[in-house]
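A.B. asks: query_0.cif is reproduced in full below (mmCIF, C-alpha atoms and all ligand atoms).
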```cif
data_work
#
loop_
_atom_site.group_PDB
_atom_site.id
_atom_site.type_symbol
_atom_site.label_atom_id
_atom_site.label_comp_id
_atom_site.auth_asym_id
_atom_site.auth_seq_id
_atom_site.Cartn_x
_atom_site.Cartn_y
_atom_site.Cartn_z
ATOM 1 C CA MET A 1 -3.293 4.190 -27.202
ATOM 2 C CA ALA A 2 -1.676 3.235 -23.908
ATOM 3 C CA ASP A 3 -1.591 6.931 -23.007
ATOM 4 C CA ALA A 4 -5.336 7.351 -23.483
ATOM 5 C CA ARG A 5 -5.902 4.275 -21.357
ATOM 6 C CA HIS A 6 -3.655 5.633 -18.612
ATOM 7 C CA SER A 7 -5.010 9.178 -18.566
ATOM 8 C CA GLY A 8 -8.649 7.985 -18.670
ATOM 9 C CA ILE A 9 -11.871 9.519 -19.936
ATOM 10 C CA GLY A 10 -15.244 10.290 -18.357
ATOM 11 C CA MET A 11 -15.399 8.642 -14.933
ATOM 12 C CA THR A 12 -11.648 7.912 -15.032
ATOM 13 C CA SER A 13 -10.541 11.380 -16.265
ATOM 14 C CA ALA A 14 -8.230 13.888 -14.592
ATOM 15 C CA ARG A 15 -11.262 15.840 -13.348
ATOM 16 C CA THR A 16 -12.750 12.828 -11.612
ATOM 17 C CA ARG A 17 -9.387 12.068 -10.000
ATOM 18 C CA GLU A 18 -9.049 15.655 -8.814
ATOM 19 C CA ARG A 19 -12.361 15.309 -6.970
ATOM 20 C CA LEU A 20 -10.934 12.311 -5.129
ATOM 21 C CA VAL A 21 -7.792 14.281 -4.211
ATOM 22 C CA GLN A 22 -9.970 17.128 -2.868
ATOM 23 C CA ARG A 23 -11.923 14.659 -0.783
ATOM 24 C CA LEU A 24 -8.743 13.156 0.691
ATOM 25 C CA MET A 25 -7.495 16.649 1.565
ATOM 26 C CA GLU A 26 -10.790 17.398 3.318
ATOM 27 C CA GLN A 27 -10.302 14.198 5.304
ATOM 28 C CA GLY A 28 -6.895 15.371 6.488
ATOM 29 C CA ILE A 29 -4.333 13.987 4.013
ATOM 30 C CA LYS A 30 -1.636 16.665 3.828
ATOM 31 C CA ASP A 31 1.527 15.239 2.282
ATOM 32 C CA PRO A 32 1.687 16.713 -1.259
ATOM 33 C CA ARG A 33 3.776 13.765 -2.499
ATOM 34 C CA VAL A 34 1.036 11.332 -1.483
ATOM 35 C CA LEU A 35 -1.742 13.478 -2.987
ATOM 36 C CA ASP A 36 0.229 13.694 -6.208
ATOM 37 C CA ARG A 37 0.446 9.925 -6.423
ATOM 38 C CA VAL A 38 -3.323 9.574 -5.933
ATOM 39 C CA ARG A 39 -3.724 12.119 -8.735
ATOM 40 C CA ASN A 40 -1.331 10.340 -11.088
ATOM 41 C CA VAL A 41 -1.641 6.599 -10.514
ATOM 42 C CA PRO A 42 -4.410 5.280 -12.837
ATOM 43 C CA ARG A 43 -6.378 3.273 -10.236
ATOM 44 C CA HIS A 44 -8.864 2.188 -12.911
ATOM 45 C CA LEU A 45 -6.184 -0.004 -14.540
ATOM 46 C CA PHE A 46 -5.857 -2.126 -11.403
ATOM 47 C CA MET A 47 -9.423 -3.386 -11.484
ATOM 48 C CA ASP A 48 -11.845 -5.170 -13.721
ATOM 49 C CA GLU A 49 -13.097 -3.003 -16.589
ATOM 50 C CA ALA A 50 -16.666 -3.430 -15.368
ATOM 51 C CA LEU A 51 -15.717 -1.557 -12.177
ATOM 52 C CA ALA A 52 -13.447 1.070 -13.769
ATOM 53 C CA SER A 53 -16.122 3.785 -13.634
ATOM 54 C CA ARG A 54 -16.014 3.507 -9.821
ATOM 55 C CA ALA A 55 -12.208 3.595 -9.573
ATOM 56 C CA TYR A 56 -12.054 7.155 -8.209
ATOM 57 C CA GLU A 57 -14.719 6.698 -5.577
ATOM 58 C CA ASP A 58 -13.184 6.561 -2.134
ATOM 59 C CA THR A 59 -14.077 2.950 -1.554
ATOM 60 C CA ALA A 60 -12.581 -0.554 -1.495
ATOM 61 C CA LEU A 61 -13.617 -2.678 -4.514
ATOM 62 C CA PRO A 62 -13.296 -6.401 -5.343
ATOM 63 C CA ILE A 63 -10.240 -7.603 -7.299
ATOM 64 C CA GLY A 64 -11.132 -11.316 -7.348
ATOM 65 C CA PHE A 65 -10.055 -14.229 -5.119
ATOM 66 C CA GLY A 66 -12.079 -12.732 -2.263
ATOM 67 C CA GLN A 67 -9.663 -9.786 -2.001
ATOM 68 C CA THR A 68 -10.139 -6.027 -2.413
ATOM 69 C CA ILE A 69 -8.246 -3.022 -3.711
ATOM 70 C CA SER A 70 -7.760 -0.785 -0.671
ATOM 71 C CA GLN A 71 -9.787 2.388 -0.227
ATOM 72 C CA PRO A 72 -7.799 5.415 -1.547
ATOM 73 C CA PHE A 73 -8.082 7.240 1.795
ATOM 74 C CA VAL A 74 -6.544 4.264 3.589
ATOM 75 C CA VAL A 75 -3.721 3.950 1.034
ATOM 76 C CA ALA A 76 -3.009 7.666 1.420
ATOM 77 C CA ARG A 77 -3.211 7.549 5.226
ATOM 78 C CA MET A 78 -0.863 4.563 5.474
ATOM 79 C CA THR A 79 1.623 6.009 2.999
ATOM 80 C CA GLU A 80 1.624 9.309 4.874
ATOM 81 C CA ALA A 81 2.068 7.516 8.200
ATOM 82 C CA LEU A 82 4.988 5.535 6.818
ATOM 83 C CA HIS A 83 6.701 8.702 5.600
ATOM 84 C CA GLY A 84 6.303 10.743 8.766
ATOM 85 C CA SER A 85 7.532 14.292 8.218
ATOM 86 C CA THR A 86 7.400 15.592 4.660
ATOM 87 C CA ALA A 87 11.196 15.896 4.656
ATOM 88 C CA THR A 88 11.831 12.160 5.094
ATOM 89 C CA VAL A 89 12.901 9.994 2.188
ATOM 90 C CA LEU A 90 12.463 6.257 2.628
ATOM 91 C CA HIS A 91 14.931 4.000 0.862
ATOM 92 C CA ASN A 92 14.081 0.406 1.524
ATOM 93 C CA VAL A 93 10.404 -0.436 2.008
ATOM 94 C CA LEU A 94 8.676 -3.787 2.480
ATOM 95 C CA GLU A 95 5.024 -4.161 1.516
ATOM 96 C CA ILE A 96 2.970 -7.168 2.646
ATOM 97 C CA GLY A 97 -0.170 -7.933 0.609
ATOM 98 C CA THR A 98 0.542 -6.742 -2.948
ATOM 99 C CA GLY A 99 -3.031 -7.518 -4.021
ATOM 100 C CA CYS A 100 -3.627 -5.746 -7.332
ATOM 101 C CA GLY A 101 -0.497 -3.592 -6.882
ATOM 102 C CA TYR A 102 -2.208 -0.206 -6.462
ATOM 103 C CA GLN A 103 -0.588 0.589 -3.112
ATOM 104 C CA THR A 104 2.730 -0.637 -4.556
ATOM 105 C CA ALA A 105 2.385 1.850 -7.428
ATOM 106 C CA VAL A 106 1.624 4.698 -5.028
ATOM 107 C CA LEU A 107 4.681 3.838 -2.913
ATOM 108 C CA SER A 108 7.083 3.116 -5.747
ATOM 109 C CA ALA A 109 7.598 6.729 -6.788
ATOM 110 C CA LEU A 110 8.105 7.930 -3.217
ATOM 111 C CA VAL A 111 10.807 5.503 -2.088
ATOM 112 C CA SER A 112 13.991 4.099 -3.611
ATOM 113 C CA ARG A 113 12.995 0.442 -3.524
ATOM 114 C CA VAL A 114 9.864 -1.579 -2.697
ATOM 115 C CA SER A 115 9.976 -5.291 -1.899
ATOM 116 C CA THR A 116 6.434 -6.648 -2.048
ATOM 117 C CA VAL A 117 5.115 -10.005 -0.852
ATOM 118 C CA GLU A 118 1.794 -11.627 -1.782
ATOM 119 C CA ARG A 119 0.492 -15.086 -0.818
ATOM 120 C CA MET A 120 -1.785 -15.508 -3.871
ATOM 121 C CA GLN A 121 0.193 -16.187 -7.030
ATOM 122 C CA PRO A 122 -2.448 -15.066 -9.603
ATOM 123 C CA LEU A 123 -2.801 -11.667 -7.927
ATOM 124 C CA LEU A 124 0.971 -11.265 -7.808
ATOM 125 C CA GLU A 125 1.330 -12.116 -11.504
ATOM 126 C CA ARG A 126 -1.363 -9.631 -12.487
ATOM 127 C CA ALA A 127 0.210 -6.896 -10.356
ATOM 128 C CA LYS A 128 3.577 -7.515 -12.061
ATOM 129 C CA VAL A 129 2.033 -7.014 -15.504
ATOM 130 C CA ILE A 130 0.272 -3.750 -14.599
ATOM 131 C CA LEU A 131 3.265 -2.261 -12.805
ATOM 132 C CA LYS A 132 5.452 -3.108 -15.786
ATOM 133 C CA GLU A 133 2.948 -1.455 -18.104
ATOM 134 C CA LEU A 134 3.133 1.665 -15.921
ATOM 135 C CA GLY A 135 6.926 1.675 -16.211
ATOM 136 C CA VAL A 136 7.555 0.936 -12.523
ATOM 137 C CA LYS A 137 11.055 -0.539 -12.192
ATOM 138 C CA ASN A 138 12.039 -0.353 -8.524
ATOM 139 C CA VAL A 139 9.835 -3.173 -7.200
ATOM 140 C CA ARG A 140 10.870 -6.748 -6.415
ATOM 141 C CA PHE A 141 8.101 -9.341 -6.012
ATOM 142 C CA ARG A 142 7.805 -12.474 -3.930
ATOM 143 C CA HIS A 143 5.177 -15.177 -3.652
ATOM 144 C CA ALA A 144 5.309 -16.104 0.048
ATOM 145 C CA ASP A 145 3.724 -15.707 3.470
ATOM 146 C CA GLY A 146 4.421 -12.068 4.264
ATOM 147 C CA SER A 147 3.913 -12.469 7.997
ATOM 148 C CA LEU A 148 7.483 -13.798 7.943
ATOM 149 C CA GLY A 149 8.700 -10.610 6.248
ATOM 150 C CA TRP A 150 11.478 -10.869 3.615
ATOM 151 C CA LYS A 151 14.664 -11.300 5.555
ATOM 152 C CA ALA A 152 17.072 -11.189 2.610
ATOM 153 C CA HIS A 153 16.567 -7.452 2.096
ATOM 154 C CA ALA A 154 16.146 -6.356 5.749
ATOM 155 C CA PRO A 155 16.493 -4.020 7.575
ATOM 156 C CA TYR A 156 13.679 -1.877 6.193
ATOM 157 C CA ASP A 157 13.133 1.768 7.015
ATOM 158 C CA GLY A 158 9.437 1.212 6.332
ATOM 159 C CA ILE A 159 7.110 -1.800 6.391
ATOM 160 C CA LEU A 160 3.485 -1.470 5.284
ATOM 161 C CA VAL A 161 0.995 -4.301 5.784
ATOM 162 C CA ALA A 162 -2.263 -4.284 3.790
ATOM 163 C CA ALA A 163 -4.021 -7.118 5.653
ATOM 164 C CA ALA A 164 -5.059 -7.287 9.302
ATOM 165 C CA ALA A 165 -3.037 -9.396 11.738
ATOM 166 C CA HIS A 166 -4.395 -10.694 15.065
ATOM 167 C CA ALA A 167 -1.115 -9.733 16.674
ATOM 168 C CA VAL A 168 1.921 -7.867 15.349
ATOM 169 C CA PRO A 169 4.150 -10.458 13.608
ATOM 170 C CA GLN A 170 7.461 -10.732 15.443
ATOM 171 C CA ALA A 171 9.431 -11.190 12.189
ATOM 172 C CA LEU A 172 8.300 -7.772 10.969
ATOM 173 C CA LEU A 173 9.482 -6.082 14.171
ATOM 174 C CA GLU A 174 12.848 -7.809 13.811
ATOM 175 C CA GLN A 175 13.237 -6.703 10.195
ATOM 176 C CA LEU A 176 12.685 -3.005 10.989
ATOM 177 C CA SER A 177 15.703 -0.732 10.958
ATOM 178 C CA PRO A 178 16.759 -0.081 14.587
ATOM 179 C CA ASN A 179 17.353 3.493 13.553
ATOM 180 C CA GLY A 180 13.754 4.762 13.362
ATOM 181 C CA GLY A 181 12.241 2.083 11.097
ATOM 182 C CA ARG A 182 8.443 2.330 10.926
ATOM 183 C CA LEU A 183 5.856 -0.420 10.644
ATOM 184 C CA VAL A 184 2.320 0.599 9.620
ATOM 185 C CA LEU A 185 -0.270 -2.163 9.967
ATOM 186 C CA PRO A 186 -3.860 -2.968 10.860
ATOM 187 C CA VAL A 187 -4.276 -5.203 13.915
ATOM 188 C CA GLY A 188 -7.365 -6.922 15.304
ATOM 189 C CA PRO A 189 -10.294 -9.157 14.376
ATOM 190 C CA ASP A 190 -12.920 -8.357 11.734
ATOM 191 C CA GLY A 191 -15.002 -5.367 12.736
ATOM 192 C CA ALA A 192 -12.564 -4.168 15.416
ATOM 193 C CA GLN A 193 -9.336 -3.424 13.591
ATOM 194 C CA GLU A 194 -7.074 -0.565 14.486
ATOM 195 C CA LEU A 195 -4.297 0.965 12.392
ATOM 196 C CA PHE A 196 -0.959 1.162 14.221
ATOM 197 C CA ARG A 197 2.378 2.790 13.550
ATOM 198 C CA ILE A 198 5.259 1.198 15.400
ATOM 199 C CA THR A 199 8.601 2.995 15.395
ATOM 200 C CA ARG A 200 11.783 1.172 16.343
ATOM 201 C CA ARG A 201 14.712 2.809 18.171
ATOM 202 C CA ASP A 202 17.200 0.081 18.963
ATOM 203 C CA GLU A 203 15.187 -2.380 21.050
ATOM 204 C CA HIS A 204 12.419 0.105 21.889
ATOM 205 C CA PHE A 205 9.195 -0.057 19.908
ATOM 206 C CA VAL A 206 6.873 2.949 20.209
ATOM 207 C CA ARG A 207 3.239 2.265 19.236
ATOM 208 C CA GLU A 208 0.806 4.886 18.014
ATOM 209 C CA LYS A 209 -2.871 4.256 17.239
ATOM 210 C CA LEU A 210 -4.048 5.854 14.018
ATOM 211 C CA GLY A 211 -7.753 4.956 14.060
ATOM 212 C CA GLY A 212 -10.205 2.243 13.079
ATOM 213 C CA VAL A 213 -9.909 0.481 9.689
ATOM 214 C CA SER A 214 -11.331 -2.496 7.813
ATOM 215 C CA PHE A 215 -8.983 -4.895 6.009
ATOM 216 C CA VAL A 216 -9.091 -8.480 4.782
ATOM 217 C CA PRO A 217 -7.263 -10.777 7.249
ATOM 218 C CA LEU A 218 -3.554 -11.575 7.098
ATOM 219 C CA VAL A 219 -3.559 -15.306 6.398
ATOM 220 C CA GLY A 220 -0.665 -17.656 7.139
ATOM 221 C CA GLY A 221 0.869 -19.872 4.411
ATOM 222 C CA ILE A 222 0.559 -19.364 0.657
ATOM 223 C CA GLY A 223 -2.510 -19.670 -1.561
HETATM 224 N N1 LIG B 301 -2.426 -3.446 -1.297
HETATM 225 C C1 LIG B 301 -3.584 -3.800 -2.089
HETATM 226 C C2 LIG B 301 -4.685 -4.406 -1.261
HETATM 227 C C3 LIG B 301 -4.381 -5.744 -0.852
HETATM 228 S S1 LIG B 301 -5.676 -6.653 -0.114
HETATM 229 C C4 LIG B 301 -4.092 -2.590 -2.816
HETATM 230 O O1 LIG B 301 -3.339 -1.711 -3.116
HETATM 231 O O2 LIG B 301 -5.228 -2.487 -3.132
HETATM 232 C C5 LIG B 301 -4.689 -7.637 0.943
HETATM 233 C C6 LIG B 301 -3.802 -8.622 0.260
HETATM 234 O O3 LIG B 301 -3.032 -9.263 1.258
HETATM 235 C C7 LIG B 301 -4.541 -9.731 -0.489
HETATM 236 O O4 LIG B 301 -4.125 -9.761 -1.813
HETATM 237 C C8 LIG B 301 -4.137 -10.990 0.260
HETATM 238 O O5 LIG B 301 -4.007 -12.127 -0.580
HETATM 239 C C9 LIG B 301 -2.809 -10.593 0.855
HETATM 240 N N2 LIG B 301 -2.379 -11.367 2.019
HETATM 241 C C10 LIG B 301 -3.115 -11.829 3.058
HETATM 242 N N3 LIG B 301 -2.337 -12.485 3.933
HETATM 243 C C11 LIG B 301 -1.071 -12.452 3.427
HETATM 244 C C12 LIG B 301 0.191 -12.958 3.872
HETATM 245 N N4 LIG B 301 0.328 -13.662 5.016
HETATM 246 N N5 LIG B 301 1.272 -12.744 3.100
HETATM 247 C C13 LIG B 301 1.179 -12.051 1.939
HETATM 248 N N6 LIG B 301 0.028 -11.539 1.472
HETATM 249 C C14 LIG B 301 -1.088 -11.729 2.202
#
```
What do you get writing this file as structure tokens?
C.D. replies:
Amino acid sequence: MADARHSGIGMTSARTRERLVQRLMEQGIKDPRVLDRVRNVPRHLFMDEALASRAYEDTALPIGFGQTISQPFVVARMTEALHGSTATVLHNVLEIGTGCGYQTAVLSALVSRVSTVERMQPLLERAKVILKELGVKNVRFRHADGSLGWKAHAPYDGILVAAAAHAVPQALLEQLSPNGGRLVLPVGPDGAQELFRITRRDEHFVREKLGGVSFVPLVGGIG
């Protein structure tokens, strides 16, 4: 029963998912590990049943509490940017903005450990349940303001932020590994956000712009 739910039928079937993977490839996603995750993670389980038939469209969709599940292209782009070359293996990754947990599920199979922080408790609890159902075991969860990072498990070789900050949070820069740690995050106000990748080498931080994006805002405090 669980298997049928995971593999999907009709608009959530393997064929529908393959169309999404093709589309992401056409848009420039190259890393086969990332494409494989998009193929295999059942995105329809992370959203309300009423929206499940749209789960493999390349679009953001509502998950309640005024938040959205990220667009598959953006999840793929950010995951690819975090990885860098296809030979890299990331060990310790911090994710800010768990939301429904879809991006967490994509990341979890590609890295040794994900620490994920969400400011809205009900979303975090729901994400925990789904990730458990999917058999994901290498994720630790925290209900907190992610703009402060999660110092206890730093340094991170990757930090991915799924909500847009007005400025790059200093705590996240400090918690990056000085040995090539990468921070991928959207920065800027509504309507003018840009995706950045910041790579740390000792006290040098190299910034690259990866294009325009549209995220919900990174909000201080907990909800
Ligand atoms: N990663 C999700 C999308 C998350 S939407 C996916 O895979 O679809 C962005 C999330 O960031 C929301 O759930 C929002 O509550 C959360 N968020 C916003 N500001 C935050 C903060 N300061 N700390 C932690 N989470 C935050």
A.B. asks: List the residues selected by the PyMOL selection byres (((chain A and resi 197) around 6) and not hetatm) in the file shown, writing them as a PyMOL selection string.
C.D. replies: chain A and resi 183-184+196+198+207-208
A.B. asks: I'd like the residues picked by the PyMOL selection byres (((not hetatm)) within 9 of (chain B and resi 301)) written out as number ranges by chain, using the chain letters and numbers from the file.
C.D. replies: A: 46, 60-61, 63, 65-72, 75, 95-106, 116-121, 123-124, 142-149, 161-165, 215-223
A.B. asks: Sort by chain and increasing residue number a table of all residues of segment 49-111 of chain A within 12 Å of segment 7-12 of chain A, each with its closest pair of atoms and their distance in Å to one decimal, counting only C-alpha atoms, and write it as JSON lines.
C.D. replies:
```
{"residue": "A:Glu49", "atom": "CA", "partner": "A:Thr12", "partner_atom": "CA", "distance": 11.1}
{"residue": "A:Leu51", "atom": "CA", "partner": "A:Met11", "partner_atom": "CA", "distance": 10.6}
{"residue": "A:Ala52", "atom": "CA", "partner": "A:Thr12", "partner_atom": "CA", "distance": 7.2}
{"residue": "A:Ser53", "atom": "CA", "partner": "A:Met11", "partner_atom": "CA", "distance": 5.1}
{"residue": "A:Arg54", "atom": "CA", "partner": "A:Met11", "partner_atom": "CA", "distance": 7.3}
{"residue": "A:Ala55", "atom": "CA", "partner": "A:Thr12", "partner_atom": "CA", "distance": 7.0}
{"residue": "A:Tyr56", "atom": "CA", "partner": "A:Thr12", "partner_atom": "CA", "distance": 6.9}
{"residue": "A:Glu57", "atom": "CA", "partner": "A:Met11", "partner_atom": "CA", "distance": 9.6}
```
A.B. asks: Quick one: write out the picked residues with C-alpha atoms as a compact mmCIF listing (two decimals), keeping the file's coordinate frame?
C.D. replies:
```
# COMPACT_ATOMS: atom_id res chain seq x y z
CA GLU A 49 -13.10 -3.00 -16.59
CA LEU A 51 -15.72 -1.56 -12.18
CA ALA A 52 -13.45 1.07 -13.77
CA SER A 53 -16.12 3.78 -13.63
CA ARG A 54 -16.01 3.51 -9.82
CA ALA A 55 -12.21 3.60 -9.57
CA TYR A 56 -12.05 7.16 -8.21
CA GLU A 57 -14.72 6.70 -5.58
```
A.B. asks: To verify the selection step, state as a ChimeraX atom specification which residues the PyMOL selection byres (((chain A and resi 76) around 12) and not hetatm) yields on this input.
C.D. replies: /A:20-21,23-25,27-39,58,70-75,77-83,102-107,160
A.B. asks: In Å, with one decimal, what is the gap from atom CA of Arg43 of chain A to atom CA of Arg17 of chain A?
C.D. replies: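 It comes out at 9.3 Å.
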